[in-house]
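Visitor: Enclosed is the structure file run.txt (compact mmCIF, C-alpha atoms).
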# COMPACT_ATOMS: atom_id res chain seq x y z
CA MET A 1 0.00 0.00 0.00
CA GLU A 2 1.20 3.51 -0.88
CA TYR A 3 -0.40 6.81 0.10
CA GLU A 4 -0.05 10.56 -0.35
CA ILE A 5 -1.44 13.43 1.72
CA HIS A 6 -2.24 16.47 -0.44
CA GLY A 7 -3.03 20.08 0.40
CA THR A 8 -2.43 22.42 3.33
CA VAL A 9 -5.60 23.70 5.01
CA MET A 10 -8.13 21.30 3.44
CA GLN A 11 -6.06 18.17 3.05
CA SER A 12 -6.98 14.97 1.24
CA LEU A 13 -5.60 11.45 1.44
CA GLU A 14 -5.09 9.22 -1.59
CA VAL A 15 -4.28 5.54 -1.07
CA ARG A 16 -3.03 3.23 -3.82
CA MET A 17 -3.67 -0.44 -3.17
CA VAL A 18 -2.76 -3.67 -4.93
CA GLN A 19 -5.01 -6.70 -5.24
CA GLY A 20 -6.25 -8.00 -1.88
CA GLU A 21 -5.29 -4.92 0.16
CA ALA A 22 -8.10 -3.18 2.04
CA MET A 23 -8.93 0.03 3.89
CA TYR A 24 -11.92 0.77 6.11
CA THR A 25 -13.67 3.93 7.25
CA GLU A 26 -16.92 5.06 8.84
CA SER A 27 -20.07 5.22 6.71
CA GLY A 28 -19.76 8.07 4.21
CA GLY A 29 -16.04 8.50 4.80
CA MET A 30 -14.91 7.74 1.24
CA ALA A 31 -14.61 10.69 -1.18
CA TRP A 32 -13.61 9.03 -4.50
CA MET A 33 -12.31 5.70 -5.77
CA SER A 34 -11.43 3.84 -8.93
CA GLY A 35 -13.78 1.25 -10.39
CA ASN A 36 -11.94 -1.90 -9.30
CA ILE A 37 -12.74 -1.65 -5.59
CA GLY A 38 -15.26 -3.81 -3.72
CA MET A 39 -17.31 -2.44 -0.82
CA ASN A 40 -18.49 -4.32 2.26
CA THR A 41 -20.46 -2.50 4.99
CA ASN A 42 -21.02 -4.13 8.39
CA THR A 43 -20.57 -3.52 12.12
CA LYS A 44 -16.92 -4.78 11.92
CA GLY A 45 -16.39 -6.84 15.03
CA GLY A 46 -20.03 -7.31 15.92
CA LEU A 47 -22.89 -5.21 17.28
CA MET A 48 -21.24 -4.40 20.63
CA ALA A 49 -18.07 -3.25 18.90
CA GLY A 50 -20.18 -1.07 16.61
CA LEU A 51 -22.06 0.46 19.54
CA GLY A 52 -18.76 1.18 21.28
CA ARG A 53 -17.45 2.99 18.22
CA ALA A 54 -20.70 4.96 17.99
CA LEU A 55 -20.21 6.15 21.56
CA ALA A 56 -16.69 7.22 20.62
CA GLY A 57 -17.94 9.46 17.82
CA GLU A 58 -17.92 7.13 14.80
CA SER A 59 -20.73 5.46 12.92
CA LEU A 60 -22.25 2.14 13.96
CA PHE A 61 -21.39 0.65 10.56
CA MET A 62 -17.98 0.68 8.91
CA THR A 63 -17.25 0.16 5.23
CA THR A 64 -14.27 -1.88 4.02
CA TYR A 65 -12.87 -1.12 0.55
CA THR A 66 -10.88 -3.95 -1.05
CA CYS A 67 -8.83 -3.80 -4.24
CA THR A 68 -10.26 -6.37 -6.63
CA GLY A 69 -7.94 -5.66 -9.58
CA SER A 70 -4.20 -5.37 -9.95
CA LYS A 71 -4.21 -1.76 -8.68
CA ALA A 72 -6.77 0.65 -7.23
CA LEU A 73 -7.02 4.24 -5.97
CA ILE A 74 -9.22 5.55 -3.16
CA GLY A 75 -9.49 9.04 -1.68
CA PHE A 76 -10.60 10.30 1.74
CA THR A 77 -11.20 13.87 2.96
CA PRO A 78 -11.65 15.28 6.49
CA GLU A 79 -14.91 16.77 7.72
CA ALA A 80 -13.37 20.07 8.87
CA PRO A 81 -10.36 22.25 7.92
CA GLY A 82 -7.23 20.70 9.35
CA LYS A 83 -4.57 18.06 8.98
CA VAL A 84 -4.49 14.37 8.12
CA LEU A 85 -2.20 12.60 10.60
CA ASP A 86 -0.70 9.28 9.52
CA VAL A 87 0.31 6.91 12.32
CA GLN A 88 2.30 3.72 11.74
CA LEU A 89 1.39 1.23 14.49
CA ALA A 90 3.33 -1.92 15.29
CA ALA A 91 1.53 -5.08 16.42
CA GLY A 92 -0.13 -4.31 19.76
CA GLN A 93 0.87 -0.62 19.67
CA SER A 94 -1.98 1.78 20.45
CA LEU A 95 -2.83 5.46 20.33
CA ILE A 96 -5.55 7.27 22.28
CA CYS A 97 -7.42 9.89 20.22
CA GLN A 98 -10.15 12.45 20.70
CA LYS A 99 -13.70 11.53 19.73
CA ASP A 100 -14.36 11.55 15.99
CA ALA A 101 -10.63 11.70 15.13
CA PHE A 102 -10.58 8.40 13.22
CA MET A 103 -10.57 8.89 9.45
CA CYS A 104 -9.60 5.51 7.96
CA ALA A 105 -7.09 2.69 8.43
CA GLN A 106 -5.68 -0.48 6.98
CA ASP A 107 -7.95 -3.43 7.59
CA SER A 108 -5.50 -4.87 10.15
CA VAL A 109 -5.92 -1.86 12.51
CA LYS A 110 -8.44 -2.19 15.35
CA LEU A 111 -10.66 0.76 16.32
CA GLU A 112 -12.45 0.74 19.67
CA MET A 113 -13.66 3.10 22.36
CA HIS A 114 -11.40 4.10 25.25
CA PHE A 115 -13.10 4.77 28.59
CA ARG A 116 -11.64 7.30 30.99
CA LYS A 117 -11.48 5.77 34.43
CA LYS A 118 -11.23 8.96 36.50
CA LEU A 119 -14.53 10.73 37.15
CA GLY A 120 -13.05 14.24 37.13
CA THR A 121 -11.25 13.65 33.86
CA GLY A 122 -14.47 12.47 32.24
CA PHE A 123 -16.60 15.36 33.47
CA PHE A 124 -14.16 18.19 32.83
CA GLY A 125 -11.78 16.79 30.21
CA GLY A 126 -13.43 18.49 27.25
CA GLU A 127 -14.31 15.27 25.39
CA GLY A 128 -16.37 13.41 28.01
CA PHE A 129 -15.70 9.91 29.31
CA ILE A 130 -15.17 8.15 26.00
CA LEU A 131 -12.30 8.54 23.55
CA GLN A 132 -11.06 6.44 20.63
CA LYS A 133 -8.29 3.87 20.66
CA VAL A 134 -6.54 2.56 17.54
CA THR A 135 -4.28 -0.51 17.78
CA GLY A 136 -1.88 -1.96 15.22
CA PRO A 137 -0.46 -3.52 13.22
CA GLY A 138 -0.95 -1.14 10.31
CA ILE A 139 -1.36 2.50 9.37
CA ALA A 140 -4.18 4.60 10.81
CA PHE A 141 -5.15 8.04 9.55
CA LEU A 142 -6.62 10.68 11.87
CA GLU A 143 -8.35 13.93 10.92
CA ILE A 144 -7.29 16.75 13.25
CA PRO A 145 -8.94 20.20 13.02
CA GLY A 146 -6.42 23.02 12.57
CA GLU A 147 -2.67 22.54 12.67
CA VAL A 148 -0.97 19.75 14.65
CA LYS A 149 2.03 20.00 16.97
CA MET A 150 3.73 16.91 18.44
CA TYR A 151 5.68 16.93 21.71
CA GLU A 152 7.59 14.04 23.26
CA LEU A 153 7.44 14.28 27.05
CA PRO A 154 10.27 12.77 29.11
CA ALA A 155 9.56 10.63 32.16
CA ASN A 156 7.69 12.79 34.69
CA GLY A 157 7.67 15.70 32.23
CA VAL A 158 4.41 17.65 32.52
CA MET A 159 2.52 19.82 30.05
CA LYS A 160 -0.71 21.62 30.98
CA VAL A 161 -3.17 22.05 28.13
CA ASP A 162 -6.64 23.38 27.53
CA PRO A 163 -8.47 20.02 27.18
CA GLY A 164 -9.98 20.91 23.80
CA HIS A 165 -6.51 21.13 22.25
CA ILE A 166 -5.58 17.49 22.93
CA ALA A 167 -5.75 15.51 19.67
CA ALA A 168 -4.01 12.25 20.63
CA PHE A 169 -1.50 10.75 23.04
CA GLU A 170 0.33 7.50 23.67
CA PRO A 171 -1.08 5.19 26.39
CA SER A 172 2.12 5.70 28.44
CA VAL A 173 1.09 9.34 29.01
CA SER A 174 -1.05 9.89 32.11
CA TYR A 175 -3.93 12.34 31.78
CA GLU A 176 -5.45 14.19 34.71
CA ILE A 177 -7.62 17.27 35.11
CA THR A 178 -6.33 20.00 37.43
CA ARG A 179 -8.14 23.10 38.68
CA VAL A 180 -6.78 26.51 37.76
CA LYS A 181 -5.37 28.18 40.88
CA GLY A 182 -6.32 31.71 41.90
CA LEU A 183 -9.74 33.37 41.80
CA LYS A 184 -8.60 36.08 39.34
CA ASN A 185 -7.16 33.44 37.02
CA ILE A 186 -10.43 31.53 37.08
CA LEU A 187 -12.60 34.61 36.49
CA PHE A 188 -10.55 36.66 34.06
CA SER A 189 -7.97 34.49 32.26
CA GLY A 190 -10.49 33.09 29.79
CA GLU A 191 -9.06 29.58 30.29
CA GLY A 192 -11.96 28.24 32.33
CA LEU A 193 -11.81 26.36 35.59
CA PHE A 194 -9.83 23.28 34.55
CA LEU A 195 -6.71 22.37 32.59
CA ALA A 196 -5.48 18.96 31.46
CA SER A 197 -2.17 17.81 32.94
CA LEU A 198 -0.26 15.44 30.63
CA LYS A 199 2.62 13.57 32.28
CA GLY A 200 5.24 11.61 30.36
CA PRO A 201 6.90 9.55 29.17
CA GLY A 202 5.34 9.51 25.72
CA LYS A 203 4.21 11.53 22.72
CA VAL A 204 1.27 13.92 22.64
CA TRP A 205 -0.33 15.58 19.60
CA LEU A 206 -2.01 18.95 20.13
CA GLN A 207 -4.41 20.70 17.76
CA THR A 208 -4.82 24.42 17.16
CA LEU A 209 -8.55 24.45 16.34
CA PRO A 210 -10.96 22.73 18.76
CA LEU A 211 -14.25 22.41 16.90
CA PRO A 212 -16.39 23.56 19.88
CA SER A 213 -14.38 26.82 19.97
CA LEU A 214 -14.92 27.31 16.23
CA ALA A 215 -18.63 26.56 16.55
CA ALA A 216 -18.99 29.05 19.42
CA LYS A 217 -17.19 31.74 17.40
CA LEU A 218 -19.36 31.18 14.32
CA TYR A 219 -22.55 31.08 16.39
CA LYS A 220 -22.12 34.76 17.29
CA TYR A 221 -22.44 35.67 13.60
CA MET A 222 -25.36 33.39 12.76
CA PRO A 223 -28.81 35.00 12.41
CA LYS A 224 -30.95 34.41 15.47
CA PRO A 225 -34.68 33.62 15.25
CA SER A 226 -36.75 36.69 16.02
CA SER A 227 -39.22 36.46 18.89
CA SER A 228 -42.84 37.05 17.91
Translate the structure of the given file into structure tokens.
Guide:
Amino acid sequence: MEYEIHGTVMQSLEVRMVQGEAMYTESGGMAWMSGNIGMNTNTKGGLMAGLGRALAGESLFMTTYTCTGSKALIGFTPEAPGKVLDVQLAAGQSLICQKDAFMCAQDSVKLEMHFRKKLGTGFFGGEGFILQKVTGPGIAFLEIPGEVKMYELPANGVMKVDPGHIAAFEPSVSYEITRVKGLKNILFSGEGLFLASLKGPGKVWLQTLPLPSLAAKLYKYMPKPSSS
């Protein structure tokens, strides 16, 4: 399998497969494809696995695209302006992602929900209790709104982040929610009451454009229904 990521702000992914190779994505995730590709839509892993993915922001059904000729081309596009992040996963290697980050993956990659165990992290972590978890072997592609910045935290290295800016992190990174200290900071900093504390070792990927922030900004300019 070969692939190319095109564009800057509105990126697209093109994958070239040979006979027998397959990619899968959520329902409606494919943008274009050549004629020699077979489609198979199902819950991929059973009904409970499908329900788990639905809770993590994906569709109940997934569609697998398999090359039926000598070569085939398939294209995928993200749902919002941002970056396509390609992640090469070894057998058993995982990555924890924000809800709705999954774009597509090789058929060998497993997608499932990831449940936050700590109550405070679930309530105030910006994405709720449930995230996504992708596990190799294979290549997974994530769609991240805005630009993406990767940091590798050393052991016990800490980075505090507005929870909405966390795109993905390795399972070795611990994730806790901490309260902002100081009444003036809480009331006037504009950062809210809580920050996420990421503690290494491991890699973290941060995004510049949380969709809730974009939606809130656009909402101010949308026409409001007039009261009668």
Visitor: Point out the residue among A:Gly92, A:Gly138, A:Pro145, A:Gly28 with the least atom-to-atom distance to Leu211 (chain A), counting all atoms listed in the file.
Guide: A:Pro145
Visitor: What is the distance, in Å and to one decimal place, between CA of Thr208 (chain A) and CA of Gly136 (chain A)?
Guide: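 Taking CA of Thr208 (chain A) and CA of Gly136 (chain A), their separation equals 26.6 Å.
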Visitor: Which residue is closest to Ala31 (chain A)? Choose from A:Gly75, A:Gly157, A:Gly7, A:Pro137 and count all atoms listed in the file.
Guide: A:Gly75
Visitor: Restricting the calculation to all atoms listed in the file: of A:Lys110, A:Lys217, A:Lys224, A:Lys203, which residue gets closest to Ala155 (chain A)?
Guide: A:Lys203
Visitor: Could you state the separation of CA of Phe61 (chain A) and CA of Glu143 (chain A) in Å, given to one decimal place?
Guide: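 These atoms are spaced 18.6 Å apart.
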Visitor: Pick out the residues sitting within 9 Å of Met159 (chain A), and hand them over as a PyMOL selection string; count all atoms listed in the file, and ignore anything fewer than 6 positions along from it in its own chain.
Guide: chain A and resi 153+196-200
Visitor: Which residues are near region 8-23 of chain A? Cut-off 10 Å, only C-alpha atoms, ignore same chain within fewer than 5 positions. Put them as number ranges by chain.
Guide: A: 1-3, 31-34, 36-39, 63-86, 103-109, 139-141, 143, 145-147
Visitor: CA of Leu131 (chain A) and CA of Gln98 (chain A) are how many Å apart?
Guide: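 For CA of Leu131 (chain A) relative to CA of Gln98 (chain A), the distance reads 5.3 Å.
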Visitor: Counting all atoms listed in the file, which residue out of A:Met62, A:Val134, A:Leu218, A:Met150 sits closest to Pro171 (chain A)?
Guide: A:Val134
Visitor: Out of A:Leu214, A:Ile177, A:Leu142, A:Leu209, which residue has the shortest atom-to-atom distance to Ala101 (chain A) when counting all atoms listed in the file?
Guide: A:Leu142
Visitor: The centre and edge lengths of an axis-aligned box containing all atoms of region 206-216 of chain A present in the file, extended by 8 Å on each side, are to be given in Å to one decimal, as JSON.
Guide:
{"center_x": -10.5, "center_y": 24.0, "center_z": 18.2, "size_x": 33.0, "size_y": 26.1, "size_z": 19.9}
